[in-house]
Amino acid sequence: MSYLKTARINAEFSIEQAAKHLGISAGYLSQIENGRRQVSKERVTEIAILYGTNRDEIFLPSRYAVRKVNGSTTA
(Lines give C-alpha, C1' and ligand atoms only; values in the text may rest on other atoms or scores of the structure.)
Protein backbone atom coordinates (compact mmCIF):
# COMPACT_ATOMS: atom_id res chain seq x y z
CA MET A 1 0.00 0.00 0.00
CA SER A 2 1.35 3.45 -0.89
CA TYR A 3 2.29 6.00 1.76
CA LEU A 4 -0.33 8.31 0.26
CA LYS A 5 -3.14 5.77 0.52
CA THR A 6 -2.09 4.89 4.06
CA ALA A 7 -2.15 8.59 5.01
CA ARG A 8 -5.64 8.95 3.53
CA ILE A 9 -6.93 5.95 5.46
CA ASN A 10 -5.24 7.15 8.67
CA ALA A 11 -6.96 10.52 8.18
CA GLU A 12 -10.23 8.56 7.99
CA PHE A 13 -11.18 9.63 4.46
CA SER A 14 -12.64 7.36 1.82
CA ILE A 15 -11.15 7.99 -1.59
CA GLU A 16 -14.42 9.64 -2.63
CA GLN A 17 -14.44 11.97 0.39
CA ALA A 18 -10.81 13.00 -0.08
CA ALA A 19 -11.29 13.58 -3.80
CA LYS A 20 -14.34 15.75 -3.14
CA HIS A 21 -12.40 17.90 -0.64
CA LEU A 22 -9.60 18.27 -3.21
CA GLY A 23 -11.95 19.08 -6.09
CA ILE A 24 -10.83 16.12 -8.20
CA SER A 25 -12.37 12.80 -9.19
CA ALA A 26 -11.86 9.67 -7.12
CA GLY A 27 -10.35 8.02 -10.19
CA TYR A 28 -7.77 10.76 -10.53
CA LEU A 29 -6.86 10.49 -6.84
CA SER A 30 -6.56 6.75 -7.22
CA GLN A 31 -4.12 7.24 -10.09
CA ILE A 32 -2.05 9.60 -7.91
CA GLU A 33 -2.05 7.05 -5.06
CA ASN A 34 -0.91 4.30 -7.42
CA GLY A 35 1.87 6.38 -8.98
CA ARG A 36 0.20 6.62 -12.39
CA ARG A 37 -0.11 10.41 -12.32
CA GLN A 38 2.36 13.14 -11.56
CA VAL A 39 1.13 15.86 -9.29
CA SER A 40 2.04 19.53 -8.84
CA LYS A 41 3.72 20.85 -5.70
CA GLU A 42 0.55 22.80 -4.96
CA ARG A 43 -1.60 19.65 -5.14
CA VAL A 44 0.91 17.79 -2.97
CA THR A 45 0.59 20.52 -0.36
CA GLU A 46 -3.24 20.44 -0.54
CA ILE A 47 -3.26 16.67 -0.02
CA ALA A 48 -0.78 16.82 2.87
CA ILE A 49 -2.83 19.53 4.61
CA LEU A 50 -6.06 17.57 4.12
CA TYR A 51 -4.47 14.42 5.56
CA GLY A 52 -2.79 16.33 8.40
CA THR A 53 0.70 15.20 7.52
CA ASN A 54 3.99 16.45 6.09
CA ARG A 55 4.14 16.24 2.28
CA ASP A 56 7.62 14.69 2.37
CA GLU A 57 6.30 11.82 4.49
CA ILE A 58 3.66 10.79 1.96
CA PHE A 59 5.28 11.57 -1.38
CA LEU A 60 9.07 11.34 -1.33
CA PRO A 61 9.51 7.85 0.17
CA SER A 62 7.35 6.33 -2.57
CA ARG A 63 9.14 8.11 -5.42
CA TYR A 64 12.83 8.09 -4.55
CA ALA A 65 15.29 5.48 -3.38
CA VAL A 66 18.78 6.03 -2.00
CA ARG A 67 21.39 3.97 -3.74
CA LYS A 68 25.18 3.77 -3.92
CA VAL A 69 26.81 4.91 -7.16
CA ASN A 70 30.59 4.61 -7.54
CA GLY A 71 31.07 4.51 -3.80
CA SER A 72 28.98 7.58 -3.00
CA THR A 73 25.41 7.78 -1.78
CA THR A 74 22.91 9.54 -4.05
CA ALA A 75 19.18 10.01 -4.18
# chains A, B, ... in the order shown; residues from 1 in each chain; ligands from 1

$ residues_around --residues "Ser2 of chain A" --least-positions-apart "6" --cutoff "9 Å" --atoms "only C-alpha atoms" --output "PyMOL selection string"
chain A and resi 33-35+58+62

$ residues_around --residues "segment 4-20 of chain A" --least-positions-apart "4" --cutoff "9 Å" --atoms "only C-alpha atoms" --output "NGL selection string"
:A and (24-30 or 32-34 or 47-48 or 50-53 or 57-59 or 62)

$ select_by_dssp --residues "segment 3-61 of chain A" --states "alpha helix (DSSP H)" --output "number ranges by chain"
A: 3-10, 15-22, 26-33, 41-51, 55-58, 60-61

$ write_last_selection --atoms "N, CA and C atoms" --output "tab-separated table (two decimals), in the first residue's frame"
chain	number	residue	atom	x	y	z
A	3	TYR	N	2.30	5.10	0.61
A	3	TYR	CA	2.29	6.00	1.76
A	3	TYR	C	1.09	6.95	1.67
A	4	LEU	N	0.78	7.38	0.45
A	4	LEU	CA	-0.33	8.31	0.26
A	4	LEU	C	-1.67	7.68	0.63
A	5	LYS	N	-1.89	6.46	0.19
A	5	LYS	CA	-3.14	5.77	0.52
A	5	LYS	C	-3.22	5.52	2.03
A	6	THR	N	-2.12	5.12	2.62
A	6	THR	CA	-2.09	4.89	4.06
A	6	THR	C	-2.41	6.18	4.82
A	7	ALA	N	-1.86	7.31	4.36
A	7	ALA	CA	-2.15	8.59	5.01
A	7	ALA	C	-3.62	8.95	4.89
A	8	ARG	N	-4.22	8.67	3.72
A	8	ARG	CA	-5.64	8.95	3.53
A	8	ARG	C	-6.49	8.12	4.48
A	9	ILE	N	-6.18	6.84	4.58
A	9	ILE	CA	-6.93	5.95	5.46
A	9	ILE	C	-6.74	6.35	6.93
A	10	ASN	N	-5.51	6.70	7.30
A	10	ASN	CA	-5.24	7.15	8.67
A	10	ASN	C	-5.98	8.44	9.00
A	15	ILE	N	-11.74	7.35	-0.42
A	15	ILE	CA	-11.15	7.99	-1.59
A	15	ILE	C	-12.12	9.02	-2.18
A	16	GLU	N	-13.41	8.72	-2.11
A	16	GLU	CA	-14.42	9.64	-2.63
A	16	GLU	C	-14.47	10.93	-1.80
A	17	GLN	N	-14.41	10.79	-0.48
A	17	GLN	CA	-14.44	11.97	0.39
A	17	GLN	C	-13.22	12.85	0.16
A	18	ALA	N	-12.04	12.24	0.12
A	18	ALA	CA	-10.81	13.00	-0.08
A	18	ALA	C	-10.83	13.70	-1.43
A	19	ALA	N	-11.24	12.99	-2.46
A	19	ALA	CA	-11.29	13.58	-3.80
A	19	ALA	C	-12.23	14.78	-3.83
A	20	LYS	N	-13.37	14.66	-3.18
A	20	LYS	CA	-14.34	15.75	-3.14
A	20	LYS	C	-13.74	16.98	-2.46
A	21	HIS	N	-13.05	16.78	-1.34
A	21	HIS	CA	-12.40	17.90	-0.64
A	21	HIS	C	-11.33	18.56	-1.52
A	22	LEU	N	-10.67	17.76	-2.36
A	22	LEU	CA	-9.60	18.27	-3.21
A	22	LEU	C	-10.11	18.82	-4.53
A	26	ALA	N	-12.43	10.78	-7.88
A	26	ALA	CA	-11.86	9.67	-7.12
A	26	ALA	C	-10.90	8.86	-7.99
A	27	GLY	N	-11.23	8.74	-9.27
A	27	GLY	CA	-10.35	8.02	-10.19
A	27	GLY	C	-9.00	8.69	-10.34
A	28	TYR	N	-9.02	10.01	-10.41
A	28	TYR	CA	-7.77	10.76	-10.53
A	28	TYR	C	-6.93	10.60	-9.26
A	29	LEU	N	-7.58	10.68	-8.09
A	29	LEU	CA	-6.86	10.49	-6.84
A	29	LEU	C	-6.30	9.08	-6.74
A	30	SER	N	-7.04	8.12	-7.20
A	30	SER	CA	-6.56	6.75	-7.22
A	30	SER	C	-5.31	6.62	-8.07
A	31	GLN	N	-5.30	7.28	-9.21
A	31	GLN	CA	-4.12	7.24	-10.09
A	31	GLN	C	-2.92	7.89	-9.41
A	32	ILE	N	-3.14	8.97	-8.67
A	32	ILE	CA	-2.05	9.60	-7.91
A	32	ILE	C	-1.53	8.62	-6.86
A	33	GLU	N	-2.44	8.00	-6.11
A	33	GLU	CA	-2.05	7.05	-5.06
A	33	GLU	C	-1.25	5.89	-5.62
A	41	LYS	N	3.36	20.57	-7.09
A	41	LYS	CA	3.72	20.85	-5.70
A	41	LYS	C	2.54	21.42	-4.94
A	42	GLU	N	1.72	22.22	-5.61
A	42	GLU	CA	0.55	22.80	-4.96
A	42	GLU	C	-0.44	21.71	-4.55
A	43	ARG	N	-0.68	20.75	-5.44
A	43	ARG	CA	-1.60	19.65	-5.14
A	43	ARG	C	-1.04	18.79	-4.02
A	44	VAL	N	0.26	18.56	-4.04
A	44	VAL	CA	0.91	17.79	-2.97
A	44	VAL	C	0.66	18.46	-1.62
A	45	THR	N	0.82	19.77	-1.59
A	45	THR	CA	0.59	20.52	-0.36
A	45	THR	C	-0.86	20.42	0.08
A	46	GLU	N	-1.81	20.56	-0.86
A	46	GLU	CA	-3.24	20.44	-0.54
A	46	GLU	C	-3.55	19.07	0.08
A	47	ILE	N	-3.01	18.03	-0.51
A	47	ILE	CA	-3.26	16.67	-0.02
A	47	ILE	C	-2.67	16.50	1.38
A	48	ALA	N	-1.44	16.95	1.57
A	48	ALA	CA	-0.78	16.82	2.87
A	48	ALA	C	-1.57	17.56	3.96
A	49	ILE	N	-2.04	18.76	3.64
A	49	ILE	CA	-2.83	19.53	4.61
A	49	ILE	C	-4.12	18.79	4.93
A	50	LEU	N	-4.81	18.30	3.91
A	50	LEU	CA	-6.06	17.57	4.12
A	50	LEU	C	-5.84	16.36	5.01
A	51	TYR	N	-4.74	15.63	4.79
A	51	TYR	CA	-4.47	14.42	5.56
A	51	TYR	C	-3.78	14.69	6.88
A	55	ARG	N	4.14	16.73	3.67
A	55	ARG	CA	4.14	16.24	2.28
A	55	ARG	C	5.32	15.32	1.99
A	56	ASP	N	6.47	15.56	2.61
A	56	ASP	CA	7.62	14.69	2.37
A	56	ASP	C	7.39	13.28	2.90
A	57	GLU	N	6.57	13.14	3.92
A	57	GLU	CA	6.30	11.82	4.49
A	57	GLU	C	5.43	10.96	3.59
A	58	ILE	N	4.57	11.59	2.78
A	58	ILE	CA	3.66	10.79	1.96
A	58	ILE	C	4.04	10.72	0.50
A	60	LEU	N	7.69	11.67	-0.99
A	60	LEU	CA	9.07	11.34	-1.33
A	60	LEU	C	9.45	9.88	-1.12
A	61	PRO	N	9.09	9.25	-0.01
A	61	PRO	CA	9.51	7.85	0.17
A	61	PRO	C	9.02	6.92	-0.94
